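K.L.:
For reference, the file entry_23.tsv (TSV, C-alpha atoms) is included below:
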chain	number	residue	atom	x	y	z
A	52	MET	CA	73.79	94.55	56.82
A	53	ALA	CA	75.94	92.76	59.40
A	54	GLN	CA	76.11	94.32	62.83
A	55	ASP	CA	79.47	95.94	63.52
A	56	LYS	CA	81.57	94.09	66.06
A	57	PRO	CA	82.55	95.97	69.22
A	58	PRO	CA	86.13	97.24	69.43
A	59	ALA	CA	88.61	94.64	70.66
A	60	THR	CA	90.21	96.60	73.48
A	61	ARG	CA	91.41	95.62	76.94
A	62	GLU	CA	88.83	97.98	78.43
A	63	ALA	CA	85.97	96.35	76.50
A	64	VAL	CA	87.07	92.89	77.62
A	65	ALA	CA	87.38	94.09	81.23
A	66	ARG	CA	83.84	95.51	81.14
A	67	ALA	CA	82.52	92.21	79.77
A	68	ALA	CA	84.40	90.30	82.46
A	69	VAL	CA	82.88	92.43	85.22
A	70	LYS	CA	79.40	91.65	83.87
A	71	CYS	CA	80.24	87.94	83.95
A	72	PHE	CA	81.59	88.22	87.50
A	73	LYS	CA	78.29	89.71	88.62
A	74	GLN	CA	76.34	86.98	86.85
A	75	PHE	CA	78.44	83.89	87.59
A	76	GLY	CA	80.93	84.97	90.26
A	77	VAL	CA	84.67	85.43	89.80
A	78	HIS	CA	85.62	81.81	90.44
A	79	ARG	CA	83.13	80.38	87.92
A	80	THR	CA	83.80	82.85	85.11
A	81	SER	CA	85.93	81.43	82.31
A	82	MET	CA	87.67	83.22	79.48
A	83	ILE	CA	85.09	81.65	77.13
A	84	ASP	CA	82.33	83.36	79.14
A	85	VAL	CA	84.17	86.67	78.86
A	86	ALA	CA	84.70	86.26	75.11
A	87	LYS	CA	80.98	85.58	74.58
A	88	ALA	CA	79.97	88.56	76.72
A	89	ALA	CA	82.37	90.80	74.80
A	90	ASN	CA	81.16	89.38	71.46
A	91	LEU	CA	84.75	88.54	70.60
A	92	SER	CA	86.58	85.36	69.73
A	93	ARG	CA	88.46	83.54	72.45
A	94	GLN	CA	91.66	84.05	70.45
A	95	THR	CA	91.10	87.82	70.46
A	96	VAL	CA	90.59	87.84	74.23
A	97	TYR	CA	93.77	85.84	74.73
A	98	ARG	CA	95.63	88.23	72.45
A	99	LEU	CA	94.68	91.07	74.79
A	100	PHE	CA	95.18	89.11	78.02
A	101	GLU	CA	97.55	86.17	77.82
A	102	ALA	CA	95.87	84.45	80.78
A	103	ARG	CA	92.86	84.73	83.08
A	104	ALA	CA	95.14	85.94	85.88
A	105	ALA	CA	96.31	88.86	83.71
A	106	LEU	CA	92.70	89.91	83.15
A	107	LEU	CA	91.96	89.71	86.88
A	108	GLU	CA	95.04	91.79	87.67
A	109	TYR	CA	93.97	94.41	85.14
A	110	ILE	CA	90.53	94.70	86.70
A	111	ALA	CA	91.95	94.72	90.24
A	112	THR	CA	94.27	97.56	89.23
A	113	GLN	CA	91.28	99.51	87.90
A	114	ARG	CA	89.48	99.04	91.21
A	115	ILE	CA	92.54	100.16	93.19
A	116	GLN	CA	92.89	103.25	91.02
A	117	ALA	CA	89.26	104.12	91.75
A	118	MET	CA	89.93	103.66	95.48
A	119	GLY	CA	92.88	106.03	95.18
A	120	GLU	CA	90.59	108.74	93.82
A	121	VAL	CA	88.36	108.34	96.88
A	122	LEU	CA	91.37	108.67	99.23
A	123	LYS	CA	93.04	111.62	97.50
A	124	PRO	CA	91.26	114.41	99.43
A	125	TYR	CA	92.24	112.93	102.80
A	126	PHE	CA	95.90	112.45	101.94
A	127	ALA	CA	96.11	115.90	100.37
A	128	GLU	CA	95.07	117.47	103.68
A	129	VAL	CA	96.56	115.25	106.42
A	130	ASP	CA	99.56	116.92	108.04
A	131	ASP	CA	100.63	114.41	110.71
A	132	LEU	CA	102.52	111.25	109.74
A	133	GLU	CA	101.31	109.19	112.70
A	134	GLU	CA	97.70	110.05	111.88
A	135	ALA	CA	98.27	109.14	108.24
A	136	LEU	CA	99.91	105.83	109.13
A	137	VAL	CA	97.05	104.82	111.41
A	138	GLU	CA	93.90	106.60	110.23
A	139	GLY	CA	95.00	106.86	106.60
A	140	SER	CA	95.77	103.14	106.58
A	141	MET	CA	92.41	102.36	108.18
A	142	ARG	CA	90.62	104.49	105.57
A	143	SER	CA	92.53	102.77	102.77
A	144	MET	CA	91.58	99.31	104.02
A	145	ALA	CA	87.97	100.38	104.63
A	146	VAL	CA	87.66	101.59	101.02
A	147	GLY	CA	89.04	98.27	99.83
A	148	ALA	CA	86.68	96.32	102.09
A	149	LYS	CA	83.68	98.16	100.62
A	150	ASP	CA	84.60	97.19	97.06
A	151	ARG	CA	82.93	93.80	96.89
A	152	LEU	CA	84.24	92.99	93.42
A	153	TYR	CA	87.83	93.64	94.46
A	154	GLN	CA	87.28	91.52	97.58
A	155	GLU	CA	85.92	88.69	95.45
A	156	ILE	CA	88.83	88.87	93.00
A	157	VAL	CA	91.33	88.64	95.87
A	158	ALA	CA	89.50	85.95	97.82
A	159	GLN	CA	87.94	83.75	95.14
A	160	SER	CA	90.01	84.04	91.97
A	161	GLY	CA	91.64	80.64	92.49
A	162	GLU	CA	94.76	82.02	90.78
A	163	HIS	CA	98.13	81.90	92.55
A	164	GLN	CA	99.34	84.77	90.37
A	165	VAL	CA	96.51	86.95	91.70
A	166	GLU	CA	97.37	86.01	95.28
A	167	VAL	CA	100.95	87.15	94.62
A	168	PHE	CA	99.60	90.33	92.99
A	169	THR	CA	97.75	91.16	96.24
A	170	PHE	CA	101.13	91.69	97.87
A	171	LYS	CA	103.35	92.62	94.94
A	172	GLY	CA	100.95	94.89	93.08
A	173	SER	CA	102.18	96.58	89.92
A	174	ALA	CA	104.18	99.60	88.85
A	175	GLU	CA	100.91	101.51	88.34
A	176	ILE	CA	99.70	100.74	91.87
A	177	GLN	CA	103.08	101.59	93.38
A	178	GLN	CA	103.07	104.98	91.62
A	179	LEU	CA	99.48	105.65	92.69
A	180	MET	CA	100.41	105.00	96.32
A	181	VAL	CA	103.56	107.11	96.06
A	182	ASP	CA	101.48	110.00	94.71
A	183	LEU	CA	99.02	109.62	97.61
A	184	TRP	CA	101.59	109.35	100.40
A	185	SER	CA	104.31	111.72	99.16
A	186	PRO	CA	102.84	114.97	100.57
A	187	VAL	CA	102.74	113.72	104.16
A	188	LEU	CA	106.04	111.83	103.83
A	189	ASN	CA	107.78	114.92	102.46
A	190	LYS	CA	106.53	117.00	105.40
A	191	ALA	CA	107.76	114.39	107.87
A	192	ARG	CA	111.16	114.28	106.15
A	193	GLU	CA	111.49	118.08	106.32
A	194	ARG	CA	110.75	117.92	110.05
A	195	GLY	CA	113.33	115.19	110.60
A	196	GLN	CA	110.64	112.73	111.73
A	197	LEU	CA	111.57	109.72	109.61
A	198	VAL	CA	113.54	106.98	111.36
A	199	PHE	CA	115.51	105.96	108.27
A	200	ASP	CA	116.81	107.81	105.24
A	201	MET	CA	114.52	106.03	102.80
A	202	THR	CA	112.92	107.19	99.58
A	203	ASN	CA	109.17	107.64	99.36
A	204	GLU	CA	109.08	104.64	97.02
A	205	GLU	CA	110.74	102.42	99.63
A	206	ILE	CA	108.48	103.65	102.43
A	207	VAL	CA	105.35	103.18	100.35
A	208	GLU	CA	106.35	99.63	99.46
A	209	TRP	CA	106.68	98.87	103.19
A	210	ILE	CA	103.28	100.46	103.94
A	211	ARG	CA	101.68	98.49	101.11
A	212	ASN	CA	103.06	95.25	102.53
A	213	GLN	CA	101.46	96.01	105.89
A	214	HIS	CA	98.14	96.89	104.28
A	215	ALA	CA	98.13	93.67	102.25
A	216	MET	CA	98.85	91.59	105.35
A	217	LEU	CA	96.09	93.25	107.37
A	218	PHE	CA	93.67	93.13	104.44
A	219	ILE	CA	93.80	89.35	104.15
A	220	ARG	CA	93.64	88.76	107.92
A	221	ASP	CA	89.86	88.65	108.15
A	222	ASP	CA	90.11	87.55	111.80
A	223	TYR	CA	91.38	91.03	112.78
A	224	ASP	CA	88.75	93.57	113.81
A	225	GLU	CA	89.33	97.32	113.55
A	226	ALA	CA	90.72	97.54	117.08
A	227	LYS	CA	93.31	94.88	116.30
A	228	GLN	CA	94.24	96.56	113.03
A	229	ARG	CA	94.75	99.90	114.79
A	230	GLN	CA	96.82	98.22	117.48
A	231	ILE	CA	99.17	96.67	114.92
A	232	LEU	CA	99.48	99.90	112.97
A	233	SER	CA	100.18	101.93	116.11
A	234	CYS	CA	102.56	99.44	117.75
A	235	PHE	CA	104.50	98.27	114.71
A	236	LEU	CA	104.01	100.38	111.57
A	237	VAL	CA	104.27	103.80	113.26
A	238	PRO	CA	107.50	103.08	115.22
A	239	SER	CA	109.10	101.54	112.12
A	240	LEU	CA	108.88	104.88	110.30
A	241	LEU	CA	108.28	107.73	112.75
A	242	ARG	CA	111.08	109.06	114.94
A	243	ARG	CA	109.71	109.76	118.40
A	244	PRO	CA	111.01	112.83	120.29
A	245	ARG	CA	113.24	111.81	123.18
A	246	ASP	CA	111.76	112.04	126.64
A	247	ASN	CA	114.49	113.90	128.58
A	248	SER	CA	112.59	113.51	131.83
A	249	ARG	CA	113.70	109.85	132.03
A	250	THR	CA	116.99	109.06	133.73
Mind converting the file's structure to structure tokens?
P.N.:
Amino acid sequence: MAQDKPPATREAVARAAVKCFKQFGVHRTSMIDVAKAANLSRQTVYRLFEARAALLEYIATQRIQAMGEVLKPYFAEVDDLEEALVEGSMRSMAVGAKDRLYQEIVAQSGEHQVEVFTFKGSAEIQQLMVDLWSPVLNKARERGQLVFDMTNEEIVEWIRNQHAMLFIRDDYDEAKQRQILSCFLVPSLLRRPRDNSRT
């Protein structure tokens, strides 16, 4: 009796791709390798993912979603916007830095589309970040602390841009990252109380 073929799903192909990445590395893994590992035809793999970059984006999104689960408890509790913008951002980048597969996809994919994805993300990632940041942003808005009348979606897109920039600047240490967040990201969003003692 012939052995049943595994289901041809995006998730099955992604799992096979991750195994190949660990064996060959992201840059050296081809769609043929993934098809063999998934025990599927190359045509089937391309039916599920129209290009290698699409597969990499799918896996990167999975990794980011897992990172979001790790960060949820912190963002559910943090009450201060400045702390969230600095320490929450640092935590977010630290979680990303610890995910070696995500790092390899970003740094070694060799795909321009994946490089663009690092900044642009996807609708799923945007919504994940909005869900994470909305509690602290809503509190800041109620307190009149936001500099501009922007939606949470607009603010989160700006925060994501800053994270992406800092994430790829591997010449920045933690002190430099904190400095940039404190000096540039915080003032761009947080309204400081006026110091009436100055003349």
K.L.:
Got a sec to check which residues sit within 9 Å of (85.6, 86.3, 83.3), counting only C-alpha atoms, and write them as a list in words?
P.N.:
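The residues that fall inside the cut-off are Val64, Ala65, Ala67, Ala68, Val69, Lys70, Cys71, Phe72, Phe75, Gly76, Val77, His78, Arg79, Thr80, Ser81, Met82, Ile83, Asp84, Val85, Ala86, Ala88, Arg103, Leu106 and Leu107 of chain A.
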K.L.:
For Ser140 in chain A, which residue among A:Thr169, A:Tyr125, A:Glu155, A:Arg243 is the nearest when counting all atoms listed in the file?
P.N.:
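Closest candidate: A:Tyr125.
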K.L.:
Give me, as a list of chain:residue names, all polymer residues having an atom no more than 10 Å from Arg142 in chain A, counting all atoms listed in the file and skipping those fewer than 5 positions away in the same chain.
P.N.:
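The residues that qualify are A:Val121, A:Leu122, A:Tyr125, A:Ala135, A:Val137, A:Gly147, A:Ala148.
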K.L.:
With 4 Å of padding per side, what axis-aligned box (centre and edge lengths, Å, one decimal) covers all the listed atoms of range 222-227 of chain A? Give it as JSON.
P.N.:
{"center_x": 91.0, "center_y": 92.5, "center_z": 114.4, "size_x": 12.6, "size_y": 18.0, "size_z": 13.3}
K.L.:
For Ala117 in chain A, which of A:Ile176, A:Ala59, A:Met141, A:Ala89 is the closest residue, counting all atoms listed in the file?
P.N.:
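Closest candidate: A:Ile176.
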K.L.:
What does the distance between CA of Ile110 in chain A and CA of Ser92 in chain A come to in Å, to one decimal place?
P.N.:
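It comes out at 19.8 Å.
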K.L.:
What separation in Å, quoted to one decimal, exists between CA of Glu193 in chain A and CA of Leu240 in chain A?
P.N.:
14.0 Å
K.L.:
So the first atom is CA of Ile231 in chain A and the second is CA of Leu197 in chain A; what is the distance between them in Å, to one decimal place?
P.N.:
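According to the coordinates, CA of Ile231 in chain A and CA of Leu197 in chain A are separated by 18.8 Å.
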K.L.:
Considering only C-alpha atoms, can you say which of A:Lys171, A:Arg194, A:Arg66, A:Arg242 comes closest to Arg211 in chain A?
P.N.:
A:Lys171
K.L.:
Do a neighbour search on Gly119 in chain A at 8 Å with only C-alpha atoms, toss out local chain neighbours closer than 5 positions, and write the hits as an MDAnalysis selection string.
P.N.:
chainID A and resid 179:180 183
K.L.:
Between A:Gln74, A:Thr202, A:Asn90, A:Gln196, which has the minimum distance to Thr60 in chain A (counting all atoms listed in the file)?
P.N.:
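Among A:Gln74, A:Thr202, A:Asn90, A:Gln196, it is A:Asn90 that comes nearest to Thr60 in chain A.
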K.L.:
Taking (104.8, 103.3, 109.2) in the file's coordinates as the center, which residues reach within 7 Å of it, counting all atoms listed in the file, put as a PyMOL selection string?
P.N.:
chain A and resi 136+210+236-241
K.L.:
Range 132-134 of chain A: which residues within 7 Å, counting all atoms listed in the file, same-chain residues fewer than 3 positions away excluded, as a PyMOL selection string?
P.N.:
chain A and resi 137-139+187-188+191+237
K.L.:
Using all atoms listed in the file, which residue out of A:Met201, A:Met144, A:Cys234, A:Val165 lies closest to Phe218 in chain A?
P.N.:
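With all atoms listed in the file as the atom set, the closest residue is A:Met144.
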K.L.:
For Val157 in chain A, which residue out of A:Glu108, A:Glu225, A:Glu62, A:Glu101 is the nearest one, using all atoms listed in the file?
P.N.:
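Among A:Glu108, A:Glu225, A:Glu62, A:Glu101, it is A:Glu108 that comes nearest to Val157 in chain A.
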